[in-house]
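Raw contents of entry.txt, compact mmCIF, C-alpha atoms:
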# COMPACT_ATOMS: atom_id res chain seq x y z
CA ARG A 1287 4.13 23.00 9.07
CA ARG A 1288 4.14 20.11 6.56
CA LEU A 1289 2.70 16.63 6.07
CA LYS A 1290 4.02 13.51 4.35
CA PRO A 1291 1.08 12.17 2.26
CA SER A 1292 2.75 8.79 1.66
CA ARG A 1293 2.55 7.86 5.37
CA GLU A 1294 0.15 4.94 5.70
CA PRO A 1295 -1.68 6.20 8.85
CA LEU A 1296 -2.33 9.52 7.10
CA GLN A 1297 -3.61 7.73 4.00
CA GLN A 1298 -5.91 5.38 5.89
CA ARG A 1299 -7.35 7.87 8.35
CA LEU A 1300 -7.47 11.07 6.35
CA LEU A 1301 -6.24 11.40 2.77
CA ARG A 1302 -8.43 8.69 1.23
CA ILE A 1303 -11.46 10.83 2.13
CA GLU A 1304 -12.03 13.61 -0.37
CA GLY A 1305 -13.58 15.88 2.26
CA ALA A 1306 -10.48 15.55 4.43
CA ARG A 1307 -8.27 16.59 1.53
CA ARG A 1308 -10.39 19.66 0.98
CA CYS A 1309 -10.25 20.52 4.65
CA LEU A 1310 -6.45 20.40 4.45
CA GLU A 1311 -6.63 22.68 1.42
CA ALA A 1312 -8.88 25.00 3.38
CA LEU A 1313 -6.31 25.09 6.18
CA GLY A 1314 -3.65 26.17 3.68
CA TYR A 1315 -1.87 22.89 2.83
CA THR A 1316 -1.71 23.58 -0.90
CA ARG A 1317 2.03 23.60 -1.70
CA GLU A 1318 4.12 20.50 -2.49
CA GLU A 1319 7.84 20.09 -1.78
CA GLU A 1320 10.30 17.37 -2.77
CA GLU A 1321 12.99 16.26 -0.32
CA ASP A 1322 15.14 13.11 -0.50
CA GLY A 1323 12.74 11.54 -2.98
CA ASP A 1324 9.68 12.13 -0.77
CA THR A 1325 6.84 14.55 -1.42
CA TYR A 1326 5.57 16.79 1.38
CA LEU A 1327 2.39 18.85 1.57
CA CYS A 1328 3.21 22.25 3.05
CA LEU A 1329 1.34 25.28 4.27
CA ALA A 1330 1.16 27.80 1.44
CA ASP A 1331 1.99 30.70 3.77
CA VAL A 1332 5.25 29.09 5.00
CA ASP A 1333 8.46 29.43 3.02
CA ALA A 1334 11.23 26.84 2.73
CA ASP A 1335 12.93 28.12 5.88
CA GLY A 1336 9.78 27.84 7.96
CA GLY A 1337 9.10 31.55 7.98
CA SER A 1338 5.85 33.22 7.06
CA ALA A 1339 5.80 33.98 3.34
CA ARG A 1340 2.41 35.66 3.14
CA LEU A 1341 -0.80 36.07 5.05
CA PRO A 1342 -4.09 34.70 3.72
CA THR A 1343 -6.17 37.29 1.91
CA ALA A 1344 -9.88 37.88 2.43
CA SER A 1345 -10.68 36.04 -0.82
CA MET A 1346 -8.56 33.05 0.29
CA CYS A 1347 -10.37 32.93 3.62
CA LYS A 1348 -13.72 33.10 1.84
CA HIS A 1349 -12.70 30.24 -0.45
CA HIS A 1350 -11.57 28.14 2.51
CA VAL A 1351 -14.86 28.74 4.31
CA GLN A 1352 -16.79 27.72 1.18
CA LEU A 1353 -14.81 24.48 0.96
CA LEU A 1354 -15.56 23.65 4.58
CA GLN A 1355 -19.24 24.50 4.16
CA ARG A 1356 -19.50 22.25 1.10
CA GLU A 1357 -17.92 19.32 2.91
CA ARG A 1358 -20.10 19.92 5.95
CA LYS A 1359 -23.16 19.76 3.69
CA GLU A 1360 -21.94 16.45 2.22
CA VAL A 1361 -21.49 15.02 5.72
CA GLU A 1362 -24.95 16.18 6.80
CA GLN A 1363 -26.51 14.63 3.68
CA ALA A 1364 -24.69 11.35 4.36
CA ALA A 1365 -25.94 11.37 7.97
CA ALA A 1366 -29.52 11.93 6.74
CA VAL A 1367 -29.26 9.08 4.21
CA ALA A 1368 -27.78 6.77 6.86
CA ALA A 1369 -30.60 7.57 9.29
CA GLN A 1370 -33.36 7.30 6.67
CA HIS A 1371 -32.27 3.97 5.19
CA GLY A 1372 -30.49 2.38 8.16
CA LEU A 1373 -27.07 2.35 6.46
CA PRO A 1374 -23.71 2.66 8.23
CA PHE A 1375 -22.59 6.30 8.16
CA LYS A 1376 -19.26 5.49 6.48
CA LEU A 1377 -21.11 3.64 3.73
CA ALA A 1378 -23.52 6.55 3.23
CA LEU A 1379 -20.55 8.92 3.04
CA GLU A 1380 -19.04 6.77 0.28
CA LEU A 1381 -22.13 7.00 -1.95
CA ARG A 1382 -21.05 10.20 -3.68
CA HIS A 1383 -17.95 8.37 -4.94
CA VAL A 1384 -20.12 5.41 -5.99
CA ARG A 1385 -21.96 7.64 -8.46
CA ARG A 1386 -18.61 8.42 -10.10
CA ALA A 1387 -17.60 4.74 -10.09
CA CYS A 1388 -20.82 3.73 -11.87
CA ALA A 1389 -19.80 6.14 -14.67
CA GLY A 1390 -23.32 6.69 -15.96
CA ASP A 1391 -24.28 2.99 -15.92
CA ALA A 1392 -27.90 3.39 -14.79
CA ASP A 1393 -28.54 -0.36 -14.59
CA LEU A 1394 -25.52 -0.89 -12.34
CA ALA A 1395 -26.56 2.00 -10.09
CA ARG A 1396 -30.10 0.63 -9.88
CA GLU A 1397 -28.91 -2.86 -8.95
CA LEU A 1398 -26.59 -1.44 -6.29
CA THR A 1399 -29.40 0.66 -4.81
CA LYS A 1400 -31.56 -2.46 -4.66
CA LEU A 1401 -28.74 -4.31 -2.90
CA LEU A 1402 -28.22 -1.58 -0.29
CA LEU A 1403 -31.90 -1.11 0.50
CA GLU A 1404 -33.52 -4.51 -0.07
CA ASN A 1405 -31.01 -7.38 0.05
CA GLU A 1406 -31.69 -9.21 3.32
CA GLU A 1407 -28.26 -10.84 3.58
CA PHE A 1408 -26.42 -7.55 3.04
CA ARG A 1409 -28.62 -5.61 5.45
CA SER A 1410 -28.39 -8.28 8.12
CA GLN A 1411 -24.59 -7.98 8.01
CA PHE A 1412 -24.19 -4.22 7.72
CA CYS A 1413 -27.38 -2.45 8.77
CA VAL A 1414 -28.27 -3.84 12.21
CA GLY A 1415 -27.32 -2.75 15.69
CA GLY A 1416 -24.38 -0.38 15.80
CA GLY A 1417 -23.19 -1.40 12.35
CA PRO A 1418 -20.44 -3.82 11.31
CA PRO A 1419 -16.86 -3.84 12.64
CA ALA A 1420 -14.52 -1.54 10.73
CA ALA A 1421 -12.51 -4.53 9.48
CA MET A 1422 -15.64 -5.98 7.87
CA LEU A 1423 -16.81 -2.70 6.30
CA ALA A 1424 -13.41 -1.64 4.91
CA PRO A 1425 -13.25 -4.15 1.99
CA VAL A 1426 -16.83 -3.25 0.99
CA LEU A 1427 -15.93 0.44 0.83
CA GLN A 1428 -12.91 -0.46 -1.29
CA LEU A 1429 -15.07 -2.43 -3.72
CA LEU A 1430 -17.49 0.49 -4.09
CA ARG A 1431 -14.74 2.66 -5.61
CA SER A 1432 -14.64 0.88 -8.98
CA LYS A 1433 -17.17 -0.49 -11.45
CA GLU A 1434 -15.63 -3.96 -11.35
CA GLY A 1435 -15.68 -3.90 -7.55
CA ILE A 1436 -19.38 -2.97 -7.54
CA ARG A 1437 -20.13 -5.81 -9.97
CA GLY A 1438 -18.20 -8.21 -7.76
CA LEU A 1439 -20.15 -7.08 -4.70
CA LEU A 1440 -23.45 -7.54 -6.54
CA GLU A 1441 -22.44 -11.00 -7.73
CA TYR A 1442 -21.42 -11.96 -4.20
CA TYR A 1443 -24.84 -11.16 -2.73
CA THR A 1444 -27.12 -11.98 -5.66
CA GLY A 1445 -25.34 -15.12 -6.91
CA GLY A 1446 -25.11 -13.74 -10.44
CA GLY A 1447 -22.06 -13.48 -12.63
CA ALA A 1448 -20.04 -15.94 -14.61
CA GLY A 1449 -19.38 -19.36 -13.19
CA ALA A 1450 -16.30 -21.39 -14.03
CA GLU A 1451 -18.48 -23.66 -16.16
CA GLY A 1452 -18.88 -22.33 -19.69
CA THR A 1453 -15.66 -20.30 -19.50
CA HIS A 1454 -12.07 -21.12 -20.41
CA VAL A 1455 -11.09 -21.51 -16.76
CA GLN A 1456 -10.00 -25.09 -16.05
CA ARG A 1457 -10.90 -26.51 -12.65
CA VAL A 1458 -8.06 -28.33 -10.89
CA ALA A 1459 -8.97 -30.69 -8.06
CA MET A 1460 -5.83 -32.79 -7.47
CA VAL A 1461 -2.05 -32.59 -7.74
CA SER A 1462 -1.86 -34.65 -10.95
CA GLU A 1463 -4.22 -32.20 -12.72
CA TRP A 1464 -2.18 -29.28 -11.37
CA LYS A 1465 1.09 -30.65 -12.74
CA GLU A 1466 -0.58 -31.50 -16.04
CA ALA A 1467 -1.85 -27.91 -16.41
CA LEU A 1468 1.63 -26.50 -15.68
CA ASP A 1469 3.27 -28.87 -18.18
CA ALA A 1470 0.69 -28.12 -20.89
CA ALA A 1471 1.21 -24.36 -20.55
CA ALA A 1472 5.00 -24.82 -20.64
CA ARG A 1473 4.86 -26.99 -23.79
CA ALA A 1474 2.70 -24.38 -25.52
CA ASN A 1475 4.95 -21.56 -24.27
CA ARG A 1476 1.96 -19.90 -22.64
CA THR A 1477 1.64 -18.12 -19.32
CA LEU A 1478 -0.49 -19.92 -16.73
CA VAL A 1479 -2.55 -17.97 -14.20
CA ALA A 1480 -3.83 -19.99 -11.25
CA PHE A 1481 -6.67 -18.71 -9.08
CA PHE A 1482 -6.62 -20.21 -5.57
CA ASN A 1483 -10.06 -19.86 -4.08
CA CYS A 1484 -11.92 -20.61 -0.82
CA PRO A 1485 -15.62 -20.27 -1.76
CA GLN A 1486 -16.68 -19.96 1.88
CA LYS A 1487 -14.77 -16.67 2.27
CA MET A 1488 -16.35 -13.33 1.37
CA ALA A 1489 -13.32 -12.01 -0.55
CA SER A 1490 -13.17 -15.21 -2.61
CA ARG A 1491 -16.86 -15.09 -3.45
CA VAL A 1492 -16.44 -11.53 -4.68
CA MET A 1493 -13.31 -12.31 -6.69
CA ALA A 1494 -14.44 -15.59 -8.28
CA PRO A 1495 -16.82 -14.16 -10.94
CA ILE A 1496 -14.17 -11.60 -11.89
CA ALA A 1497 -11.57 -14.37 -12.24
CA ASN A 1498 -13.95 -16.37 -14.42
CA ARG A 1499 -14.26 -13.46 -16.86
CA LEU A 1500 -10.50 -12.99 -17.32
CA PRO A 1501 -10.17 -15.41 -20.29
CA GLN A 1502 -12.51 -13.14 -22.24
CA SER A 1503 -9.82 -10.44 -22.17
CA PHE A 1504 -6.66 -12.59 -22.22
CA ALA A 1505 -7.12 -15.32 -24.83
CA ASP A 1506 -3.38 -16.08 -25.02
CA ILE A 1507 -3.14 -17.08 -21.34
CA ASP A 1508 -4.15 -20.37 -19.69
CA PHE A 1509 -6.33 -20.05 -16.58
CA VAL A 1510 -6.90 -22.66 -13.88
CA ARG A 1511 -8.91 -22.49 -10.68
CA VAL A 1512 -8.41 -24.44 -7.46
CA ASP A 1513 -11.34 -24.41 -5.02
CA LEU A 1514 -10.61 -25.42 -1.43
CA MET A 1515 -13.72 -26.60 0.38
CA PRO A 1516 -13.72 -27.72 4.04
CA ASP A 1517 -12.27 -31.22 4.45
CA ASP A 1518 -11.17 -31.35 0.78
CA GLY A 1519 -7.87 -33.16 1.19
CA LEU A 1520 -7.09 -33.40 -2.53
CA ALA A 1521 -7.45 -29.65 -3.12
CA LYS A 1522 -5.42 -28.99 0.03
CA GLN A 1523 -2.60 -31.01 -1.51
CA VAL A 1524 -2.67 -28.71 -4.57
CA PHE A 1525 -2.47 -25.70 -2.25
CA ASP A 1526 0.52 -27.28 -0.51
CA GLU A 1527 2.18 -28.12 -3.82
CA ALA A 1528 1.92 -24.45 -4.86
CA PHE A 1529 2.93 -23.20 -1.37
CA VAL A 1530 -0.34 -21.31 -0.93
CA GLY A 1531 -1.96 -21.07 2.49
CA GLU A 1532 -5.72 -21.00 3.01
CA ALA A 1533 -5.33 -17.59 4.67
CA ALA A 1534 -3.96 -16.23 1.36
CA CYS A 1535 -7.21 -16.79 -0.52
CA PRO A 1536 -8.15 -15.41 -2.89
CA SER A 1537 -4.77 -15.43 -4.64
CA PHE A 1538 -3.53 -15.38 -8.23
CA LEU A 1539 -0.24 -17.08 -9.11
CA PHE A 1540 1.50 -16.45 -12.44
CA PHE A 1541 3.66 -19.16 -14.03
CA GLN A 1542 5.93 -19.32 -17.07
CA GLU A 1543 7.61 -22.61 -17.97
CA CYS A 1544 6.46 -24.13 -14.66
CA THR A 1545 8.19 -21.34 -12.70
CA GLU A 1546 6.22 -18.95 -10.52
CA LEU A 1547 6.89 -15.39 -11.64
CA ARG A 1548 4.79 -13.54 -9.09
CA SER A 1549 1.65 -13.74 -6.98
CA TRP A 1550 -1.12 -11.34 -6.16
CA GLY A 1551 -3.88 -11.35 -3.58
CA PRO A 1552 -5.60 -8.93 -1.20
CA LEU A 1553 -4.06 -10.64 1.84
CA ARG A 1554 -0.72 -11.83 0.38
CA ALA A 1555 -0.23 -14.36 3.20
CA ARG A 1556 1.67 -17.41 2.06
CA ALA A 1557 2.11 -20.76 3.80

Encoding of this model in structure tokens:
Amino acid sequence: RRLKPSREPLQQRLLRIEGARRCLEALGYTREEEEDGDTYLCLADVDADGGSARLPTASMCKHHVQLLQRERKEVEQAAAVAAQHGLPFKLALELRHVRRACAGDADLARELTKLLLENEEFRSQFCVGGGPPAAMLAPVLQLLRSKEGIRGLLEYYTGGGAGAEGTHVQRVAMVSEWKEALDAAARANRTLVAFFNCPQKMASRVMAPIANRLPQSFADIDFVRVDLMPDDGLAKQVFDEAFVGEAACPSFLFFQECTELRSWGPLRARA
């Protein structure tokens, strides 16, 4: 009779897909209700007491059928694209949202098309055999939903994008440099943002060029970057000093007067 859209399983498996939302609309889930601070999606032909309020009209049924037919066409087109170009079906299904994310940027769309169809590293990871594991494909699909995410994905596979050199991001390689950066920001009454990075990890490689561009937009903030390479004991000491675990990378930590205010990262694991 009703669904709770905020439930995580429903979000992950159904509601994040536009076609699934339209299928729910076609089935009659078009009315929202508030109860105890939660929002519920309810059948339009069911009243608050669970009784039938009205029956669907012929025009409503026709509209629902049209919605289903449109989504079926989208799915068939995605299946054809996946078969023609050897792409995972879920990735092909996401392409219609990619066009919206590119927002008319023809150069970005062209570079992404080249990546999907010609980049050997990308295709070896995602376009062979039965396709990649869901856990590997999920972050890529997430990146394809925004222009910055697409740029990050392109920079990951093509090696382009801004490096830390030539930007206002200070590299920190040992504890003494870390403490010096914190003290300098505190003396200047400036916020310090620290990017903890493991270059060997996919998520870090995607995030690093984005992190290096941040000073262009936030000139009144100090930025430092800590890269943890295998067997780099000095950088590991900086990670330990900041209570950041390698599994948390990439992570951003925000400091004011040497005190951590908050942290952000896609994994959020802390040592």

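CA of Arg1491 (chain A) sits 17.7 Å away from CA of Ser1410 (chain A).
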
May I have the residues at most 12 Å from (-14.7, -1.5, -14.5) in the file's coordinates, counting only C-alpha atoms, as a PyMOL selection string?
chain A and resi 1386-1391+1394+1429-1438+1496

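What separates CA of Val1530 (chain A) from CA of Asn1498 (chain A) is a distance of 19.8 Å.
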
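Between CA of Gln1370 (chain A) and CA of Leu1354 (chain A) the interatomic distance comes to 24.3 Å.
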
Pick from A:Glu1294, A:Glu1357, A:Glu1543, A:Asp1526, whichever lies nearest to Arg1476 (chain A) using only C-alpha atoms
A:Glu1543

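Proximity ranking of A:Glu1532, A:Glu1360, A:Asp1322, A:Asp1506 relative to Asp1518 (chain A) places A:Glu1532 first, based on only C-alpha atoms.
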
Mind checking which residues fall within 12 Å of Arg1358 (chain A), counting all atoms listed in the file, ignoring those fewer than 3 positions away in the same chain, and posting them as a ChimeraX atom specification?
/A:1305-1306,1308-1309,1351-1355,1361-1365,1379

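Considering the residues A:His1349, A:Lys1522, A:Arg1511, A:Arg1288 and counting all atoms listed in the file, Leu1539 (chain A) has its shortest atom-to-atom contact with A:Arg1511.
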
Selection near Met1488 (chain A), 12 Å with all atoms listed in the file, sequence-local residues under 6 positions removed, as an MDAnalysis selection string:
chainID A and resid 1408 1411 1422:1423 1425:1426 1438:1439 1441:1443 1494 1535:1536 1552

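Distances to Asp1469 (chain A) were evaluated for A:Cys1544, A:Leu1398, A:Ala1534, A:Leu1520 using all atoms listed in the file, and the minimum falls at A:Cys1544.
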
Close residues, Val1458 (chain A) itself excluded, 10 Å, all atoms listed in the file, min 4 positions apart in chain, as JSON, numbers by chain:
{"A": [1462, 1463, 1464, 1465, 1466, 1467, 1480, 1481, 1482, 1510, 1511, 1512, 1513, 1520, 1521, 1524]}

Pull C-alpha atoms from the residues just selected and write them as a short mmCIF file (atom, residue, chain, number, x, y, z; two decimals), in the coordinates of the input.
data_model
loop_
_atom_site.label_atom_id
_atom_site.label_comp_id
_atom_site.auth_asym_id
_atom_site.auth_seq_id
_atom_site.Cartn_x
_atom_site.Cartn_y
_atom_site.Cartn_z
CA SER A 1462 -1.86 -34.65 -10.95
CA GLU A 1463 -4.22 -32.20 -12.72
CA TRP A 1464 -2.18 -29.28 -11.37
CA LYS A 1465 1.09 -30.65 -12.74
CA GLU A 1466 -0.58 -31.50 -16.04
CA ALA A 1467 -1.85 -27.91 -16.41
CA ALA A 1480 -3.83 -19.99 -11.25
CA PHE A 1481 -6.67 -18.71 -9.08
CA PHE A 1482 -6.62 -20.21 -5.57
CA VAL A 1510 -6.90 -22.66 -13.88
CA ARG A 1511 -8.91 -22.49 -10.68
CA VAL A 1512 -8.41 -24.44 -7.46
CA ASP A 1513 -11.34 -24.41 -5.02
CA LEU A 1520 -7.09 -33.40 -2.53
CA ALA A 1521 -7.45 -29.65 -3.12
CA VAL A 1524 -2.67 -28.71 -4.57
#

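With all atoms listed in the file as the atoms that count, the minimum distance from Ala1497 (chain A) to the choices A:Phe1538, A:Glu1546, A:Gly1519, A:Glu1527 is reached by A:Phe1538.
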